[in-house]
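The structure appears right after this line, and notes come after that.
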Amino acid sequence: MSDATLIALPLLVPLVGLLLIVSSGRVAALRDAVTVVTAASMFTAVLQLLPRVSAGERPRLELFEFFPGLGITFEVEPLGMVFALLASGLWIITAIYAIGYMRGAKEKHHTRFHAFFAVALFCATGIAFAGNMFTLFVFYEMLTLSTYPLVAHKGSEDAKRGARTYLGLLLGTSIGFLLMAILLTWWLAGTLDFTPGGIMAGRVDPAYGSILLVLFLYGIGKAALMPFHRWLPAAMVAPTPVSALLHAVAVVKAGVFTVLKVTIYLFGLDYLTELWTSDVMLYIAVFTLLAASLVALRQDNLKARLAYSTVSQLSYIVVGAMLVNSIAALGGGMHIVMHAFGKITLFFCAGAIYVATKKTEISDMDGLGRRMPFTYAAFFVGALCVIGIPPLGGVWSKWHLMSGAFDAGYGLVVIALMISTLLNIGYLVPPVVRGFLLPSKDGEATGLREAPLLCVLPLSLTALGCLIMFFAAKPLAELLSGMLVVPVP
Amino acid sequence: MLEHLPALQVAITLTAAPVVMMFGRATRLAWAVTTLACWASFAVALTLFATVADGSVISYEMGGWAPPWGIEYSIDAANAWVLVIIGLISAVVMPFARQSVEQEISESRTALFYSAFLLANAGLIGITVTADAFNIFVFFEISALASYALIAMGRDRRAILSSFQYLIMGTVGTTFLLIGIGFLYIMTGTLNLGDLSARLPEVSDTRTIRAAFGFIAVGISLKLALFPLHLWLPNAYTYAPSMVTVFLSATATKVAIYVLLRFVYTVFGFEFSFVELAMAWLLMPLAILGIFIPSLVAVFQTNVKRMLAYSSVAQVGYMILGISFASMLGLTASVLHLFNHAITKAALFMAVGCLVYRLGGVSLTQLAGAGQRMPWTMGAFVVAGLSLIGIPLTAGFVTKWHLLQAALVGGLWPIAVFLLGTSLLAAMYIWKVVEVAYFQEPENPDTTVAEAPLGMLIPTLILTASTVVFGVFGNFTVASAGTAAAALMGGAP
C-alpha cells in the first residue's frame with residue numbers, strides 16, 4: 001500500500017465507524033458490535049504502518065494547503081506511531097468495557113456516547129500523525145470539542161459545571177497560549193514542520209525561545225501542568241469509560257505527546273539547553289508532580305484520587321522532556337505507554353466497583369476486595385505498574401527518567417522522583433489493603449459479587465498488559481529511540 | 001450588454017421593487033419575482049467580480065454623461081468583493097424567506113415587505129458601485145428608509161420603537177455624511193470620488209477639509225455601529241423579522257465599512273488619514289473597547305438574537321481594529337473579515353430564524369432540548385458558532401490568523417494577546433446556548449416540535465457549510481481580499 005492509503009486508513013476507519021454507529025443507533029446490539037469492530041479495524045489499520053516506521057521510514061501525506069507554506073500534513077514517526085497504537089489498541093478493550101458499563105450503570109444516550117468516542121479517537125490519531133504543528137493544533141482543538149459531550153454526558157448540573165471547567169480551561173489555554181506560541185513560531189521561524197533536531201536553532205533568538213517554551217508548555221493544557229490542571233479532576237463527572245480511555249490515555253497523553261513532540265521536533269534538545277526557562281519549567285513540573293500526589297492522598301473519592309494521580313504522572317513525562325537529554329526523553333516516551341496501561345486498569349476497576357455496588361468513596365469500600373477479587377487483584381497490578389515496581393511495565397520508564405536525571409546532574413529531581421514513588425504507594429495501595437483486609441461496614445455478604453463479565457474481562461486484560469509491557473520494554477525503547485535520530489545533513 | 005453590467009447591478013433590484021409592490025395578495029408571486037431578481041443580481045455581481053479579479057477597473061458613465069458632470073459607476077476588486085457579499089447573502093436568504101415571512105408577516109403586507117427588501121438591497125448595491133459622493137448619500141437614504149420599514153414589520157411591538165431609534169440615529173448619520181460631502185464640494189467643486197482624491201491634497205491643510213473628514217467619519221461610524229455609536233443596533237436586530245436580521249447583519253454594516261474604507265484610503269488618502277490626522281489612534285481604542293464591552297454584554301444576554309446582535313457590534317470592532325493597524329496586512333484582514341463574518345453571522349441568524357419558526361422565540365429557556373428536537377438546525381448553529389469563535393478550519397479562524405499576524409508584524413503584542421482573549425468571550429456566549437440546547441431537558445416536553453422545514457433548513461446548511469469550505473480553502477478568499485485591499489490602497493476607483 002502507498003503511504004497515502006496507509007495514513008488515510010486509520011483516520012477514515014473511525015469516521016466510517018461513526019456513520020455506522022449513528023445509523024445503527026436504534027438496534028443496541030448491532031451498534032455495540034459496530035463499535036467494537038470499528039475499534040478492532042482501526043487498530044489493524046494502524047498496525048500496518050508499524051513495519052514501515054520501525055524500518056526507519058517516515059510515511060507522509062500532504063492533504064491540502066491552507067496558507068502558502070502551511071497545510072494539513074501527516075507524517076508518521078516513532079513517537080506518533082506508539083501513541084496511535086496505544087490509543088487504538090486500548091480503544092478495543094474500552095469499547096467492550098463501555099458496553100458492559102453503560103448497560104450496567106444504566107446510562108442514557110448510548111449512541112451519542114459511542115459516536116463521540118469514535119470522533120475522539122479520530123482526533124487522537126490526527127494528533128499522533130500530524131506532520132506540522134498547525135495540523136496538530138487543528139486536531140487538538142477538535143479533540144477538546146469532541147470530548148465535551150462525553151464529559152457533560154449525564155446532563156446534570158454537576159456534569160454541566162464540570163464540562164464547563166473542562167472546556168474553559170482547555171480552550172482557554174490552547175487559544176490563549178498555544179495559538180499565540182504557534183503564531184510566533186510561524187512568524188519567527190517561518191515554518192511549523194516537525195523536523196528532527198528542531199526548527200528553532202539558528203532562526204529564533206533564545207530570548208524569544210525562552211518565552212515560546214513557556215507559552216507552549218502552558219498552552220498544551222492537556223498536559224495538566226499546575227496551575228492549569230483543574231480540568232482533569234473536573235472531567236471525572238464523565239462516565240468511567242471516558243475517564244479510562246480519554247482521561248488516562250487519549251486526551252491527556254495527547255497533551256504530553258504534544259509536549260514531547262514540541263520539545264524534540266520544534267525546539268530540538270540541543271537548542272533547548274540554551275533556554276533558561278527549560279529549568280524553570282522543569283521545576284514547575286517537579287512541583288506539579290509532588291503537589292498533585294499530595295492532593296491525591298487526601299481524596300476520598302476514588303476517581304478524584306486517580307485523576308490527581310494522573311496529573312502527577314503526566315508531569316513525569318514533562319520532566320522527561322525538560323531534562324533535555326535523550327535517556328530522559330526516551331523515559332518520557334515510554335511512560336506514555338506504561339502509565340496508560342496502569343491507569344486504564346485502575347479506572348476500569350473504579351468503574352467496575354461503581355457498576356457492581358454504586359460506591360464511589362474509598363472509605364465505603366472496606367472489605368469489598370473479598371467480594372470482587374478479580375477487580376481488586378487487577379487494581380493492585382495497575383497500582384504497582386503506576387508506582388513502578390517490577391515485574392510490571394512502569395518500572396522501566398521510571399528507571400529511564402531517573403537515570404536521565406542522574407546523568408544530567410539534577411540530583412534534586414532524582415530525590416523528588418523517589419519521594420513521589422513513596423507518595424504513589426501512599427495513595428494507591430491503601431484502597432487495595434482496605435478492600436482485602438478491613439471488615440465490611442454493611443455486614444459481610446457471602447460469595448462473589450463481581451461486576452458484569454464485560455467489565456471484568458477488559459480490566460483483567462489490561463492488567464495482563466501491564467505485565468507484558470515489562471517484557472516488551474526493549475522493542476518499545478528501540479522503536480522510540482528512532483525519534484531522537486537527527487539525520488546528518 | 002456586458003458593458004452595462006454596473007448599471008444593471010443596481011437596476012435589477014431597483015426596478016423589481018415597484019413591480020413586486022403591485023402584486024398585492026399574490027404573495028407567492030411576489031416572493032418568486034424577488035428571488036429571481038436577487039439571483040440575477042448575484043449572477044451580475046459574480047460576473048463583475050470575475051472581470052475585475054485581475055486588479056482592473058471598470059468605469060461606467062451613467063446615461064452616457066462623462067464624469068465629473070455625469071455620475072460615474074466604478075467597479076474595482078474592492079467593491080466587487082462587497083457586491084459578491086450582498087449578492088450571495090440575498091440569493092441564499094430568499095429561499096429561506098418564503099416560509100419565515102409567511103409566518104411572521106401578515107399576508108396583506110407581504111408584497112410591500114418584499115418590495116422594501118428589494119429597495120434596501122438596491123440601496124446597498126448602489127452605495128457600493130457608485131463613484132459619486134452625493135450618490136452615496138442618496139443610496140444610503142434609500143437603503144436606510146427601506147430598512148426602517150423592514151424592521152418595523154417585526155412581530156413584536158417593540159420593533160416599531162427600535163425602528164424609530166434606528167431612524168433617529170441613522171438620519172443623524174447620513175446628515176453628518178451629507179454635511180461632510182458638502183464641505184468637500186465647497187473646497188474642490190467636485191463630487192466624483194476620483195476627482196476628489198486628485199484635488200484634495202492641494203486644499204487638505206484647511207480646517208474645512210478636516211471638519212469634512214470628521215463629519216464623514218462620524219456619520220459613517222454611526223451607520224456601521226462603531227462602539228459607542230452602536231446603540232441602535234441590538235434592538236433593531238433583535239426585533240426585526242428573522243430574514244431581515246439575516247440580511248442586515250450580513251450586509252448593512254459591511255457596506256458602511258466599505259464606504260469608510262473608500263473615504264479613508266481612497267478619497268482622503270492614507271497620508272492624510274493616518275499620518276496627518278493619526279486616525280489609527282482614534283480607531284484603535286474604540287475598536288478595542290468595541291470588541292471587549294459588547295462581547296462581555298453578549299455573555300449576559302438571555303435572548304439569543306440579542307446576544308448575536310451584540311456579537312455583531314464586537315465583530316465590527318475586529319474589522320475596525322484591522323484598519324487601525326494602518327498596514328496592508330491589517331487592511332487585508334479587515335476586508336477578509338467582511339466576507340467571513342457575513343457568512344458566519346448570516347448562518348447563525350438563519351439557524352435562529354429556524355428556531356423562531358418552530359419554537360416561537362429564542363430566549364434561552366425556550367431552547368432547552370432543541371438539540372434533540374432540531375438536530376440539523378442546532379448542528380448548523382454549533383458549526384457557525386465555532387466559526388464565530390475562530391476554531392481552526394472555519395472561516396472565522398482564517399480571519400483571526402491574519403489579524404493576529406498583522407498585529408504581530410506591527411509589533412503590537414498586547415493587541416494579539418487581547419484578541420486571543422476575546423475569542424474566549426465568544427466561546428462563552430456560544431457555549432451558553434449549546435449547553436441549554438443539548439444538555440437541558442425542556443420543561444414542558446412538546447412533542448409536536450420538529451425540525452425546521454426544508455425550505456429554511458437547506459439555505460441555512462448551505463451557508464454553514466460555506467463557513468467550513470472557506471475555512472479549509474482560505475487561500476482563495478485571502479487572495480481576493482488582498483487584491484481588494486490593494487485596490488483600496490492603490491488609488492481612485
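Starting from 1 in every chain, residues are counted up; chains themselves are A, B, ... following the order of the C-alpha cells, and ligands are numbered from 1 as listed.
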Contacts between chain B and chain A, please, where a residue of chain A counts if it comes within 6 Å (with only C-alpha atoms); show its shortest atom pair and distance in Å to one decimal, rows by chain and ascending number, as JSON lines.
{"residue": "A:Phe67", "atom": "CA", "partner": "B:Asn475", "partner_atom": "CA", "distance": 5.7}
{"residue": "A:Val138", "atom": "CA", "partner": "B:Pro392", "partner_atom": "CA", "distance": 5.6}
{"residue": "A:Gly155", "atom": "CA", "partner": "B:Phe439", "partner_atom": "CA", "distance": 4.9}
{"residue": "A:Gly176", "atom": "CA", "partner": "B:Leu420", "partner_atom": "CA", "distance": 5.3}
For A:Cys349, work out the shell of residues within 8 Å, counting only C-alpha atoms and skipping chain neighbours fewer than 4 positions away, then give it as a ChimeraX atom specification. /A:345,353,375-376,378-379,459
Quick one: residues within 6 Å of stretch 329-334 of chain B, only C-alpha atoms, excluding same-chain residues fewer than 6 positions away - as a VMD selection string? chain B and resid 319 322 to 323 399 402 to 403 406 481 to 482 485
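We find atom CA of A:Ser403 and atom CA of A:Phe380 to be spaced 26.3 Å apart.
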Identify which of the residues A:Pro439, A:Gly411, A:Gly388, A:Gly89 lies closest to A:Asn424, counting only C-alpha atoms when measuring atom-to-atom distances.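 Nearest candidate to A:Asn424 out of A:Pro439, A:Gly411, A:Gly388, A:Gly89: A:Gly388.
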Near A:Ala405, within 8 Å and counting only C-alpha atoms, which residues show up once chain neighbours fewer than 4 positions away are dropped, as number ranges by chain? A: 323, 328, 401, 409-411, 413-414
